[in-house]
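Enquirer: Below are the structure tokens for one structure; questions will follow.
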Amino acid sequence: MNNVTIIRPASREEWLEVRKGGIGSSEVATIVGLNPWETPYQLWRRKTGLDEPKQENAAMRNGHHLEDAVSRMWADATGREVIKRSAIDWIIRNNQNPHLQVSPDRTYWLGESRSPEDKGILEIKTTRMKVDPDDLPKYWFCQVQYQLGTAGYQQGSLAWLSAGNGFDFGYQDLTLVPDFYEWLVEEVTKFWQDCVIGGKEPSAVSVKDVVLKYNWHTDGKTIECSDEVFEAYTKLKGVRKEIDALESRKEELENSIKMAFADAEALSYGGDTIATWKAPKPSNKFDAKAFTADHPELAAQYTHIQQGARRFLLK
């Protein structure tokens, strides 16, 4: 632990501010391309201030509140002791490379010695997906490996509470994989130095990246596409023809069924309801066109130009 500094911010707001000064474990999988929810380009935009930091949503808040309960489940299942003072917003920062920093959910005692080196890291997850202990999500594995290596620990454990079908608790012990951690450090350091400090944009690897980077087209600009893109275009035209044919057939079948309703709200076959056709309840609708005609000056005060999204058309 001599190679790290422990930072205990006075508030959660201060903790969030300190985290901006490096790469945390929740960001590592994104950098190495293993996070299905975010790309390196999107992370780069956040780290450089082009986009706002992620706002805590209800799922994130609930997960934070459930950490203590899941840590108790884990302690009951393993017989190990969670270190109570670790249940805070804190940061472990590497002294040689300060951009390497982690905020473990909990730490626990490995044995009876109670020495600073005799600790492990407990990472806690709440999720709706079913988790296979023998096939953990790759981005979870990255997170724990980065935590262990940066904190200087050898042992860790991943505990989760899955709320997909009822509640399913599970855990999996993990040990540090030095070669994998060193690779993570190389990739994180390259991203931090080249992209965050150096300002180099990561490549766009998703449509969302393209929209973020080029939210408006350049008038009159045309790009000659590759053979691979033209092949995708040809296949898409064929798929769209198939969809159009299916949509037409779908409409024919729907109409033949609707003709059988008359004024009934439901159709049955063999005593079982097979379809319904009902009008929705009346609702209030604001007539913007009439309001603008009657109160043009007032309507103008609340009318703003809004940039539309780029529209994809196949020729």
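If you're wondering about the labels, chains in the structure tokens are A, B, ... by order shown, residues count from 1 in each chain, ligands from 1 in order shown.
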May I have all residues of segment 105-216 of chain A that DSSP, computed from the backbone, assigns to strand (DSSP E), given as a list in words?
Expert: Arg106, Thr107, Tyr108, Trp109, Lys119, Gly120, Ile121, Leu122, Glu123, Ile124, Lys125, Thr126, Thr127, Gln155, Gly156, Ser157, Leu158, Ala159, Trp160, Leu161, Ser162, Asp168, Phe169, Gly170, Tyr171, Gln172, Asp173, Leu174 and Thr175 of chain A
Enquirer: I want to know what sits within 12 Å of Asp105 of chain A, based on only C-alpha atoms, with residues of the same chain fewer than 4 positions away left out; could you give that as a PDB file with all heavy atoms, in the first residue's frame?
Expert:
ATOM      1  N   SER A  25     -12.360   2.720 -12.167  1.00  0.00           N
ATOM      2  CA  SER A  25     -12.566   1.334 -12.603  1.00  0.00           C
ATOM      3  C   SER A  25     -13.829   1.165 -13.442  1.00  0.00           C
ATOM      4  O   SER A  25     -13.913   0.260 -14.268  1.00  0.00           O
ATOM      5  CB  SER A  25     -12.626   0.399 -11.391  1.00  0.00           C
ATOM      6  OG  SER A  25     -13.704   0.741 -10.538  1.00  0.00           O
ATOM      7  N   SER A  26     -14.830   2.042 -13.269  1.00  0.00           N
ATOM      8  CA  SER A  26     -16.050   1.935 -14.060  1.00  0.00           C
ATOM      9  C   SER A  26     -15.836   2.405 -15.496  1.00  0.00           C
ATOM     10  O   SER A  26     -16.718   2.225 -16.343  1.00  0.00           O
ATOM     11  CB  SER A  26     -17.167   2.757 -13.416  1.00  0.00           C
ATOM     12  OG  SER A  26     -16.818   4.132 -13.376  1.00  0.00           O
ATOM     13  N   GLY A  63     -29.130   1.115  -6.654  1.00  0.00           N
ATOM     14  CA  GLY A  63     -27.969   0.250  -6.518  1.00  0.00           C
ATOM     15  C   GLY A  63     -27.052   0.697  -5.397  1.00  0.00           C
ATOM     16  O   GLY A  63     -26.516  -0.126  -4.640  1.00  0.00           O
ATOM     17  N   HIS A  64     -26.881   2.013  -5.274  1.00  0.00           N
ATOM     18  CA  HIS A  64     -26.038   2.559  -4.203  1.00  0.00           C
ATOM     19  C   HIS A  64     -26.655   2.251  -2.835  1.00  0.00           C
ATOM     20  O   HIS A  64     -25.956   1.863  -1.888  1.00  0.00           O
ATOM     21  CB  HIS A  64     -25.878   4.072  -4.397  1.00  0.00           C
ATOM     22  CG  HIS A  64     -24.860   4.684  -3.503  1.00  0.00           C
ATOM     23  ND1 HIS A  64     -23.505   4.426  -3.609  1.00  0.00           N
ATOM     24  CD2 HIS A  64     -24.991   5.547  -2.456  1.00  0.00           C
ATOM     25  CE1 HIS A  64     -22.861   5.102  -2.686  1.00  0.00           C
ATOM     26  NE2 HIS A  64     -23.730   5.786  -1.976  1.00  0.00           N
ATOM     27  N   HIS A  65     -27.983   2.406  -2.730  1.00  0.00           N
ATOM     28  CA  HIS A  65     -28.654   2.141  -1.460  1.00  0.00           C
ATOM     29  C   HIS A  65     -28.589   0.657  -1.087  1.00  0.00           C
ATOM     30  O   HIS A  65     -28.581   0.310   0.102  1.00  0.00           O
ATOM     31  CB  HIS A  65     -30.125   2.571  -1.538  1.00  0.00           C
ATOM     32  CG  HIS A  65     -30.312   4.053  -1.684  1.00  0.00           C
ATOM     33  ND1 HIS A  65     -29.480   4.972  -1.086  1.00  0.00           N
ATOM     34  CD2 HIS A  65     -31.250   4.780  -2.373  1.00  0.00           C
ATOM     35  CE1 HIS A  65     -29.877   6.198  -1.383  1.00  0.00           C
ATOM     36  NE2 HIS A  65     -30.941   6.106  -2.169  1.00  0.00           N
ATOM     37  N   LEU A  66     -28.576  -0.217  -2.105  1.00  0.00           N
ATOM     38  CA  LEU A  66     -28.597  -1.664  -1.847  1.00  0.00           C
ATOM     39  C   LEU A  66     -27.217  -2.249  -1.555  1.00  0.00           C
ATOM     40  O   LEU A  66     -27.108  -3.428  -1.216  1.00  0.00           O
ATOM     41  CB  LEU A  66     -29.209  -2.392  -3.048  1.00  0.00           C
ATOM     42  CG  LEU A  66     -30.728  -2.271  -3.202  1.00  0.00           C
ATOM     43  CD1 LEU A  66     -31.164  -2.793  -4.566  1.00  0.00           C
ATOM     44  CD2 LEU A  66     -31.443  -3.023  -2.087  1.00  0.00           C
ATOM     45  N   GLU A  67     -26.169  -1.449  -1.712  1.00  0.00           N
ATOM     46  CA  GLU A  67     -24.810  -1.967  -1.505  1.00  0.00           C
ATOM     47  C   GLU A  67     -24.640  -2.596  -0.126  1.00  0.00           C
ATOM     48  O   GLU A  67     -24.032  -3.661   0.015  1.00  0.00           O
ATOM     49  CB  GLU A  67     -23.783  -0.853  -1.706  1.00  0.00           C
ATOM     50  CG  GLU A  67     -23.494  -0.531  -3.155  1.00  0.00           C
ATOM     51  CD  GLU A  67     -22.440   0.542  -3.300  1.00  0.00           C
ATOM     52  OE1 GLU A  67     -21.880   0.974  -2.256  1.00  0.00           O
ATOM     53  OE2 GLU A  67     -22.162   0.964  -4.434  1.00  0.00           O
ATOM     54  N   ASP A  68     -25.161  -1.925   0.898  1.00  0.00           N
ATOM     55  CA  ASP A  68     -24.982  -2.439   2.253  1.00  0.00           C
ATOM     56  C   ASP A  68     -25.677  -3.779   2.428  1.00  0.00           C
ATOM     57  O   ASP A  68     -25.118  -4.706   3.034  1.00  0.00           O
ATOM     58  CB  ASP A  68     -25.509  -1.431   3.276  1.00  0.00           C
ATOM     59  CG  ASP A  68     -25.064  -1.759   4.694  1.00  0.00           C
ATOM     60  OD1 ASP A  68     -23.862  -1.995   4.896  1.00  0.00           O
ATOM     61  OD2 ASP A  68     -25.925  -1.817   5.598  1.00  0.00           O
ATOM     62  N   VAL A  70     -26.393  -6.023   0.063  1.00  0.00           N
ATOM     63  CA  VAL A  70     -25.695  -7.066  -0.697  1.00  0.00           C
ATOM     64  C   VAL A  70     -24.386  -7.441  -0.007  1.00  0.00           C
ATOM     65  O   VAL A  70     -24.001  -8.623   0.014  1.00  0.00           O
ATOM     66  CB  VAL A  70     -25.434  -6.608  -2.149  1.00  0.00           C
ATOM     67  CG1 VAL A  70     -24.685  -7.688  -2.928  1.00  0.00           C
ATOM     68  CG2 VAL A  70     -26.748  -6.275  -2.849  1.00  0.00           C
ATOM     69  N   SER A  71     -23.702  -6.471   0.586  1.00  0.00           N
ATOM     70  CA  SER A  71     -22.458  -6.787   1.291  1.00  0.00           C
ATOM     71  C   SER A  71     -22.733  -7.686   2.493  1.00  0.00           C
ATOM     72  O   SER A  71     -21.931  -8.564   2.832  1.00  0.00           O
ATOM     73  CB  SER A  71     -21.749  -5.499   1.727  1.00  0.00           C
ATOM     74  OG  SER A  71     -22.444  -4.855   2.790  1.00  0.00           O
ATOM     75  N   VAL A  82     -16.601  -7.827   6.404  1.00  0.00           N
ATOM     76  CA  VAL A  82     -16.476  -6.592   5.626  1.00  0.00           C
ATOM     77  C   VAL A  82     -15.959  -5.497   6.548  1.00  0.00           C
ATOM     78  O   VAL A  82     -16.400  -5.376   7.698  1.00  0.00           O
ATOM     79  CB  VAL A  82     -17.838  -6.177   5.023  1.00  0.00           C
ATOM     80  CG1 VAL A  82     -17.730  -4.824   4.333  1.00  0.00           C
ATOM     81  CG2 VAL A  82     -18.329  -7.236   4.052  1.00  0.00           C
ATOM     82  N   ILE A  83     -15.026  -4.712   6.072  1.00  0.00           N
ATOM     83  CA  ILE A  83     -14.460  -3.617   6.869  1.00  0.00           C
ATOM     84  C   ILE A  83     -15.450  -2.450   6.838  1.00  0.00           C
ATOM     85  O   ILE A  83     -15.680  -1.850   5.791  1.00  0.00           O
ATOM     86  CB  ILE A  83     -13.087  -3.189   6.325  1.00  0.00           C
ATOM     87  CG1 ILE A  83     -12.124  -4.396   6.372  1.00  0.00           C
ATOM     88  CG2 ILE A  83     -12.523  -2.014   7.109  1.00  0.00           C
ATOM     89  CD1 ILE A  83     -10.798  -4.157   5.692  1.00  0.00           C
ATOM     90  N   LYS A  84     -16.033  -2.144   7.983  1.00  0.00           N
ATOM     91  CA  LYS A  84     -17.120  -1.167   8.040  1.00  0.00           C
ATOM     92  C   LYS A  84     -16.700   0.208   7.539  1.00  0.00           C
ATOM     93  O   LYS A  84     -17.462   0.893   6.859  1.00  0.00           O
ATOM     94  CB  LYS A  84     -17.646  -1.071   9.478  1.00  0.00           C
ATOM     95  CG  LYS A  84     -18.366  -2.328   9.953  1.00  0.00           C
ATOM     96  CD  LYS A  84     -18.910  -2.149  11.356  1.00  0.00           C
ATOM     97  CE  LYS A  84     -19.642  -3.412  11.819  1.00  0.00           C
ATOM     98  NZ  LYS A  84     -20.173  -3.263  13.205  1.00  0.00           N
ATOM     99  N   ARG A  85     -15.485   0.636   7.868  1.00  0.00           N
ATOM    100  CA  ARG A  85     -15.072   1.985   7.483  1.00  0.00           C
ATOM    101  C   ARG A  85     -14.813   2.126   5.984  1.00  0.00           C
ATOM    102  O   ARG A  85     -14.562   3.229   5.502  1.00  0.00           O
ATOM    103  CB  ARG A  85     -13.826   2.403   8.267  1.00  0.00           C
ATOM    104  CG  ARG A  85     -12.562   1.609   7.954  1.00  0.00           C
ATOM    105  CD  ARG A  85     -11.372   2.180   8.722  1.00  0.00           C
ATOM    106  NE  ARG A  85     -10.145   1.470   8.408  1.00  0.00           N
ATOM    107  CZ  ARG A  85      -9.729   0.379   9.015  1.00  0.00           C
ATOM    108  NH1 ARG A  85     -10.482  -0.170   9.968  1.00  0.00           N
ATOM    109  NH2 ARG A  85      -8.587  -0.197   8.685  1.00  0.00           N
ATOM    110  N   SER A  86     -14.901   1.005   5.255  1.00  0.00           N
ATOM    111  CA  SER A  86     -14.715   1.083   3.798  1.00  0.00           C
ATOM    112  C   SER A  86     -16.013   1.453   3.078  1.00  0.00           C
ATOM    113  O   SER A  86     -15.998   1.698   1.864  1.00  0.00           O
ATOM    114  CB  SER A  86     -14.192  -0.249   3.255  1.00  0.00           C
ATOM    115  OG  SER A  86     -15.186  -1.274   3.356  1.00  0.00           O
ATOM    116  N   ALA A  87     -17.129   1.504   3.822  1.00  0.00           N
ATOM    117  CA  ALA A  87     -18.427   1.801   3.209  1.00  0.00           C
ATOM    118  C   ALA A  87     -18.632   3.308   3.068  1.00  0.00           C
ATOM    119  O   ALA A  87     -19.596   3.883   3.577  1.00  0.00           O
ATOM    120  CB  ALA A  87     -19.551   1.180   4.032  1.00  0.00           C
ATOM    121  N   ILE A  88     -17.686   3.962   2.383  1.00  0.00           N
ATOM    122  CA  ILE A  88     -17.754   5.410   2.166  1.00  0.00           C
ATOM    123  C   ILE A  88     -17.332   5.707   0.733  1.00  0.00           C
ATOM    124  O   ILE A  88     -16.868   4.821   0.010  1.00  0.00           O
ATOM    125  CB  ILE A  88     -16.811   6.170   3.135  1.00  0.00           C
ATOM    126  CG1 ILE A  88     -15.360   5.655   2.961  1.00  0.00           C
ATOM    127  CG2 ILE A  88     -17.272   6.021   4.578  1.00  0.00           C
ATOM    128  CD1 ILE A  88     -14.325   6.452   3.711  1.00  0.00           C
ATOM    129  N   ASP A  89     -17.510   6.952   0.312  1.00  0.00           N
ATOM    130  CA  ASP A  89     -17.004   7.391  -0.987  1.00  0.00           C
ATOM    131  C   ASP A  89     -15.543   7.781  -0.809  1.00  0.00           C
ATOM    132  O   ASP A  89     -15.235   8.841  -0.246  1.00  0.00           O
ATOM    133  CB  ASP A  89     -17.814   8.586  -1.510  1.00  0.00           C
ATOM    134  CG  ASP A  89     -19.237   8.201  -1.873  1.00  0.00           C
ATOM    135  OD1 ASP A  89     -19.432   7.060  -2.310  1.00  0.00           O
ATOM    136  OD2 ASP A  89     -20.135   9.042  -1.713  1.00  0.00           O
ATOM    137  N   TRP A  90     -14.631   6.906  -1.253  1.00  0.00           N
ATOM    138  CA  TRP A  90     -13.203   7.160  -1.091  1.00  0.00           C
ATOM    139  C   TRP A  90     -12.476   6.771  -2.360  1.00  0.00           C
ATOM    140  O   TRP A  90     -13.038   6.179  -3.264  1.00  0.00           O
ATOM    141  CB  TRP A  90     -12.649   6.410   0.118  1.00  0.00           C
ATOM    142  CG  TRP A  90     -12.830   4.915   0.070  1.00  0.00           C
ATOM    143  CD1 TRP A  90     -13.984   4.224  -0.131  1.00  0.00           C
ATOM    144  CD2 TRP A  90     -11.809   3.918   0.235  1.00  0.00           C
ATOM    145  NE1 TRP A  90     -13.765   2.863  -0.104  1.00  0.00           N
ATOM    146  CE2 TRP A  90     -12.438   2.649   0.127  1.00  0.00           C
ATOM    147  CE3 TRP A  90     -10.446   3.966   0.485  1.00  0.00           C
ATOM    148  CZ2 TRP A  90     -11.741   1.459   0.239  1.00  0.00           C
ATOM    149  CZ3 TRP A  90      -9.743   2.768   0.618  1.00  0.00           C
ATOM    150  CH2 TRP A  90     -10.383   1.541   0.490  1.00  0.00           C
ATOM    151  N   ILE A  91     -11.208   7.118  -2.437  1.00  0.00           N
ATOM    152  CA  ILE A  91     -10.426   6.877  -3.649  1.00  0.00           C
ATOM    153  C   ILE A  91      -9.037   6.376  -3.278  1.00  0.00           C
ATOM    154  O   ILE A  91      -8.399   6.900  -2.356  1.00  0.00           O
ATOM    155  CB  ILE A  91     -10.313   8.166  -4.494  1.00  0.00           C
ATOM    156  CG1 ILE A  91     -11.667   8.506  -5.129  1.00  0.00           C
ATOM    157  CG2 ILE A  91      -9.248   8.030  -5.587  1.00  0.00           C
ATOM    158  CD1 ILE A  91     -11.689   9.816  -5.874  1.00  0.00           C
ATOM    159  N   ILE A  92      -8.593   5.349  -3.983  1.00  0.00           N
ATOM    160  CA  ILE A  92      -7.212   4.866  -3.877  1.00  0.00           C
ATOM    161  C   ILE A  92      -6.504   5.298  -5.156  1.00  0.00           C
ATOM    162  O   ILE A  92      -6.927   4.925  -6.250  1.00  0.00           O
ATOM    163  CB  ILE A  92      -7.148   3.334  -3.731  1.00  0.00           C
ATOM    164  CG1 ILE A  92      -7.949   2.874  -2.509  1.00  0.00           C
ATOM    165  CG2 ILE A  92      -5.702   2.868  -3.631  1.00  0.00           C
ATOM    166  CD1 ILE A  92      -8.039   1.370  -2.353  1.00  0.00           C
ATOM    167  N   GLY A 120      -8.986  -7.667   0.933  1.00  0.00           N
ATOM    168  CA  GLY A 120      -9.475  -7.916  -0.418  1.00  0.00           C
ATOM    169  C   GLY A 120     -10.491  -6.845  -0.778  1.00  0.00           C
ATOM    170  O   GLY A 120     -10.972  -6.104   0.088  1.00  0.00           O
ATOM    171  N   ILE A 121     -10.816  -6.756  -2.051  1.00  0.00           N
ATOM    172  CA  ILE A 121     -11.792  -5.770  -2.533  1.00  0.00           C
ATOM    173  C   ILE A 121     -13.096  -6.470  -2.884  1.00  0.00           C
ATOM    174  O   ILE A 121     -13.096  -7.508  -3.548  1.00  0.00           O
ATOM    175  CB  ILE A 121     -11.241  -5.021  -3.762  1.00  0.00           C
ATOM    176  CG1 ILE A 121     -10.209  -3.980  -3.313  1.00  0.00           C
ATOM    177  CG2 ILE A 121     -12.358  -4.344  -4.542  1.00  0.00           C
ATOM    178  CD1 ILE A 121      -9.590  -3.203  -4.457  1.00  0.00           C
ATOM    179  N   LEU A 122     -14.198  -5.903  -2.422  1.00  0.00           N
ATOM    180  CA  LEU A 122     -15.526  -6.428  -2.738  1.00  0.00           C
ATOM    181  C   LEU A 122     -16.225  -5.448  -3.673  1.00  0.00           C
ATOM    182  O   LEU A 122     -16.476  -4.294  -3.304  1.00  0.00           O
ATOM    183  CB  LEU A 122     -16.350  -6.616  -1.457  1.00  0.00           C
ATOM    184  CG  LEU A 122     -17.816  -7.023  -1.651  1.00  0.00           C
ATOM    185  CD1 LEU A 122     -17.914  -8.362  -2.369  1.00  0.00           C
ATOM    186  CD2 LEU A 122     -18.553  -7.066  -0.305  1.00  0.00           C
ATOM    187  N   GLU A 123     -16.541  -5.893  -4.880  1.00  0.00           N
ATOM    188  CA  GLU A 123     -17.295  -5.095  -5.852  1.00  0.00           C
ATOM    189  C   GLU A 123     -18.734  -5.590  -5.851  1.00  0.00           C
ATOM    190  O   GLU A 123     -18.990  -6.795  -5.948  1.00  0.00           O
ATOM    191  CB  GLU A 123     -16.690  -5.221  -7.243  1.00  0.00           C
ATOM    192  CG  GLU A 123     -17.460  -4.525  -8.342  1.00  0.00           C
ATOM    193  CD  GLU A 123     -17.542  -3.023  -8.184  1.00  0.00           C
ATOM    194  OE1 GLU A 123     -16.683  -2.447  -7.484  1.00  0.00           O
ATOM    195  OE2 GLU A 123     -18.463  -2.422  -8.763  1.00  0.00           O
ATOM    196  N   ILE A 124     -19.686  -4.666  -5.742  1.00  0.00           N
ATOM    197  CA  ILE A 124     -21.097  -5.016  -5.583  1.00  0.00           C
ATOM    198  C   ILE A 124     -21.889  -4.554  -6.801  1.00  0.00           C
ATOM    199  O   ILE A 124     -21.740  -3.414  -7.253  1.00  0.00           O
ATOM    200  CB  ILE A 124     -21.661  -4.381  -4.301  1.00  0.00           C
ATOM    201  CG1 ILE A 124     -20.920  -4.926  -3.076  1.00  0.00           C
ATOM    202  CG2 ILE A 124     -23.163  -4.640  -4.179  1.00  0.00           C
ATOM    203  CD1 ILE A 124     -21.210  -4.164  -1.797  1.00  0.00           C
ATOM    204  N   LYS A 125     -22.742  -5.432  -7.309  1.00  0.00           N
ATOM    205  CA  LYS A 125     -23.567  -5.118  -8.468  1.00  0.00           C
ATOM    206  C   LYS A 125     -25.035  -5.438  -8.192  1.00  0.00           C
ATOM    207  O   LYS A 125     -25.346  -6.460  -7.571  1.00  0.00           O
ATOM    208  CB  LYS A 125     -23.121  -5.931  -9.693  1.00  0.00           C
ATOM    209  CG  LYS A 125     -21.691  -5.678 -10.137  1.00  0.00           C
ATOM    210  CD  LYS A 125     -21.509  -4.282 -10.669  1.00  0.00           C
ATOM    211  CE  LYS A 125     -20.110  -4.070 -11.215  1.00  0.00           C
ATOM    212  NZ  LYS A 125     -19.905  -2.676 -11.658  1.00  0.00           N
ATOM    213  N   GLN A 143     -13.313  -4.361 -14.353  1.00  0.00           N
ATOM    214  CA  GLN A 143     -13.413  -3.429 -13.237  1.00  0.00           C
ATOM    215  C   GLN A 143     -12.696  -3.955 -11.996  1.00  0.00           C
ATOM    216  O   GLN A 143     -11.930  -3.236 -11.349  1.00  0.00           O
ATOM    217  CB  GLN A 143     -14.888  -3.164 -12.918  1.00  0.00           C
ATOM    218  CG  GLN A 143     -15.112  -2.064 -11.897  1.00  0.00           C
ATOM    219  CD  GLN A 143     -16.569  -1.689 -11.767  1.00  0.00           C
ATOM    220  OE1 GLN A 143     -17.440  -2.270 -12.405  1.00  0.00           O
ATOM    221  NE2 GLN A 143     -16.864  -0.704 -10.936  1.00  0.00           N
ATOM    222  N   VAL A 144     -12.937  -5.222 -11.666  1.00  0.00           N
ATOM    223  CA  VAL A 144     -12.317  -5.799 -10.473  1.00  0.00           C
ATOM    224  C   VAL A 144     -10.804  -5.928 -10.646  1.00  0.00           C
ATOM    225  O   VAL A 144     -10.031  -5.630  -9.727  1.00  0.00           O
ATOM    226  CB  VAL A 144     -12.950  -7.164 -10.136  1.00  0.00           C
ATOM    227  CG1 VAL A 144     -12.210  -7.815  -8.975  1.00  0.00           C
ATOM    228  CG2 VAL A 144     -14.422  -6.998  -9.799  1.00  0.00           C
ATOM    229  N   GLN A 147      -9.253  -2.586 -10.153  1.00  0.00           N
ATOM    230  CA  GLN A 147      -9.285  -2.219  -8.741  1.00  0.00           C
ATOM    231  C   GLN A 147      -8.176  -2.918  -7.960  1.00  0.00           C
ATOM    232  O   GLN A 147      -7.453  -2.286  -7.181  1.00  0.00           O
ATOM    233  CB  GLN A 147     -10.651  -2.573  -8.137  1.00  0.00           C
ATOM    234  CG  GLN A 147     -11.781  -1.673  -8.586  1.00  0.00           C
ATOM    235  CD  GLN A 147     -13.118  -2.106  -8.015  1.00  0.00           C
ATOM    236  OE1 GLN A 147     -13.270  -3.237  -7.537  1.00  0.00           O
ATOM    237  NE2 GLN A 147     -14.089  -1.224  -8.060  1.00  0.00           N
ATOM    238  N   GLY A 156      -9.964 -10.553  -4.524  1.00  0.00           N
ATOM    239  CA  GLY A 156     -11.193  -9.769  -4.588  1.00  0.00           C
ATOM    240  C   GLY A 156     -12.396 -10.672  -4.736  1.00  0.00           C
ATOM    241  O   GLY A 156     -12.273 -11.891  -4.906  1.00  0.00           O
ATOM    242  N   SER A 157     -13.565 -10.059  -4.694  1.00  0.00           N
ATOM    243  CA  SER A 157     -14.794 -10.837  -4.842  1.00  0.00           C
ATOM    244  C   SER A 157     -15.856  -9.947  -5.480  1.00  0.00           C
ATOM    245  O   SER A 157     -15.919  -8.746  -5.209  1.00  0.00           O
ATOM    246  CB  SER A 157     -15.276 -11.341  -3.482  1.00  0.00           C
ATOM    247  OG  SER A 157     -16.285 -12.335  -3.628  1.00  0.00           O
ATOM    248  N   LEU A 158     -16.655 -10.562  -6.342  1.00  0.00           N
ATOM    249  CA  LEU A 158     -17.749  -9.875  -7.013  1.00  0.00           C
ATOM    250  C   LEU A 158     -19.054 -10.431  -6.460  1.00  0.00           C
ATOM    251  O   LEU A 158     -19.288 -11.641  -6.521  1.00  0.00           O
ATOM    252  CB  LEU A 158     -17.675 -10.137  -8.513  1.00  0.00           C
ATOM    253  CG  LEU A 158     -17.669  -8.956  -9.463  1.00  0.00           C
ATOM    254  CD1 LEU A 158     -17.380  -9.422 -10.874  1.00  0.00           C
ATOM    255  CD2 LEU A 158     -18.981  -8.215  -9.419  1.00  0.00           C
ATOM    256  N   ALA A 159     -19.904  -9.561  -5.902  1.00  0.00           N
ATOM    257  CA  ALA A 159     -21.205 -10.000  -5.383  1.00  0.00           C
ATOM    258  C   ALA A 159     -22.304  -9.279  -6.147  1.00  0.00           C
ATOM    259  O   ALA A 159     -22.168  -8.097  -6.468  1.00  0.00           O
ATOM    260  CB  ALA A 159     -21.310  -9.700  -3.897  1.00  0.00           C
TER     261      ALA A 159
END
Enquirer: As a ChimeraX atom specification, please: all residues of segment 67-231 of chain A that backbone DSSP puts in helix (DSSP H, G or I).
Expert: /A:67-78,84-86,138-151,178-197,207-213,227-231
Enquirer: Keeping only C-alpha atoms, write the selected residues as a JSON list (two decimals), in the first residue's frame.
Expert:
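And here's out_29.json as it stands now:
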[["chain", "number", "residue", "atom", "x", "y", "z"],
["A", 67, "GLU", "CA", -24.81, -1.97, -1.51],
["A", 68, "ASP", "CA", -24.98, -2.44, 2.25],
["A", 69, "ALA", "CA", -27.64, -5.17, 1.99],
["A", 70, "VAL", "CA", -25.69, -7.07, -0.70],
["A", 71, "SER", "CA", -22.46, -6.79, 1.29],
["A", 72, "ARG", "CA", -24.25, -8.37, 4.27],
["A", 73, "MET", "CA", -25.56, -11.18, 2.06],
["A", 74, "TRP", "CA", -22.01, -11.75, 0.85],
["A", 75, "ALA", "CA", -20.64, -11.75, 4.41],
["A", 76, "ASP", "CA", -23.29, -14.29, 5.47],
["A", 77, "ALA", "CA", -22.50, -16.51, 2.46],
["A", 78, "THR", "CA", -18.71, -16.40, 2.84],
["A", 84, "LYS", "CA", -17.12, -1.17, 8.04],
["A", 85, "ARG", "CA", -15.07, 1.99, 7.48],
["A", 86, "SER", "CA", -14.71, 1.08, 3.80],
["A", 138, "LYS", "CA", -16.38, -8.92, -19.23],
["A", 139, "TYR", "CA", -16.81, -5.34, -18.10],
["A", 140, "TRP", "CA", -17.31, -6.52, -14.50],
["A", 141, "PHE", "CA", -14.14, -8.61, -14.68],
["A", 142, "CYS", "CA", -12.16, -5.62, -16.05],
["A", 143, "GLN", "CA", -13.41, -3.43, -13.24],
["A", 144, "VAL", "CA", -12.32, -5.80, -10.47],
["A", 145, "GLN", "CA", -8.91, -6.48, -12.07],
["A", 146, "TYR", "CA", -8.24, -2.74, -12.36],
["A", 147, "GLN", "CA", -9.28, -2.22, -8.74],
["A", 148, "LEU", "CA", -7.05, -5.00, -7.45],
["A", 149, "GLY", "CA", -3.97, -3.95, -9.40],
["A", 150, "THR", "CA", -4.30, -0.23, -8.71],
["A", 151, "ALA", "CA", -4.96, -0.74, -4.99],
["A", 178, "PRO", "CA", -0.94, -9.48, -13.43],
["A", 179, "ASP", "CA", -0.52, -9.70, -17.22],
["A", 180, "PHE", "CA", -4.11, -8.65, -17.82],
["A", 181, "TYR", "CA", -3.79, -5.76, -15.37],
["A", 182, "GLU", "CA", -0.59, -4.55, -17.04],
["A", 183, "TRP", "CA", -2.41, -4.53, -20.39],
["A", 184, "LEU", "CA", -5.23, -2.50, -18.84],
["A", 185, "VAL", "CA", -2.70, -0.01, -17.46],
["A", 186, "GLU", "CA", -1.09, 0.38, -20.90],
["A", 187, "GLU", "CA", -4.43, 1.06, -22.57],
["A", 188, "VAL", "CA", -5.65, 3.39, -19.82],
["A", 189, "THR", "CA", -2.38, 5.35, -19.81],
["A", 190, "LYS", "CA", -2.45, 5.68, -23.59],
["A", 191, "PHE", "CA", -6.05, 6.93, -23.46],
["A", 192, "TRP", "CA", -5.29, 9.37, -20.64],
["A", 193, "GLN", "CA", -2.11, 10.81, -22.15],
["A", 194, "ASP", "CA", -3.09, 10.82, -25.83],
["A", 195, "CYS", "CA", -6.82, 11.50, -25.66],
["A", 196, "VAL", "CA", -7.62, 13.27, -22.39],
["A", 197, "ILE", "CA", -4.39, 15.26, -21.94],
["A", 207, "VAL", "CA", -23.75, 5.37, -35.11],
["A", 208, "LYS", "CA", -24.24, 7.29, -31.86],
["A", 209, "ASP", "CA", -20.57, 8.35, -32.06],
["A", 210, "VAL", "CA", -21.11, 9.62, -35.62],
["A", 211, "VAL", "CA", -24.20, 11.59, -34.57],
["A", 212, "LEU", "CA", -22.33, 13.12, -31.62],
["A", 213, "LYS", "CA", -19.33, 14.02, -33.76],
["A", 227, "ASP", "CA", -17.09, -1.93, -51.83],
["A", 228, "GLU", "CA", -18.12, -3.21, -48.38],
["A", 229, "VAL", "CA", -20.44, -0.26, -47.79],
["A", 230, "PHE", "CA", -21.96, -0.61, -51.29],
["A", 231, "GLU", "CA", -22.59, -4.31, -50.61]]
Enquirer: Using only C-alpha atoms for the distances, tell me which of A:Trp37, A:Trp44, A:Tyr153, A:Phe261 is nearest to Asp118 of chain A.
Expert: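 Using only C-alpha atoms, Asp118 of chain A sits closest to A:Tyr153.
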Enquirer: Which residue is closest to Phe312 of chain A? Choose from A:Glu112, A:Leu16, A:Ile23, A:His217 and count only C-alpha atoms.
Expert: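 Counting only C-alpha atoms, the residue closest to Phe312 of chain A is A:His217.
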Enquirer: How far is it from atom CA of Val205 of chain A to atom CA of Lys20 of chain A, in Å with one decimal?
Expert: 23.9 Å
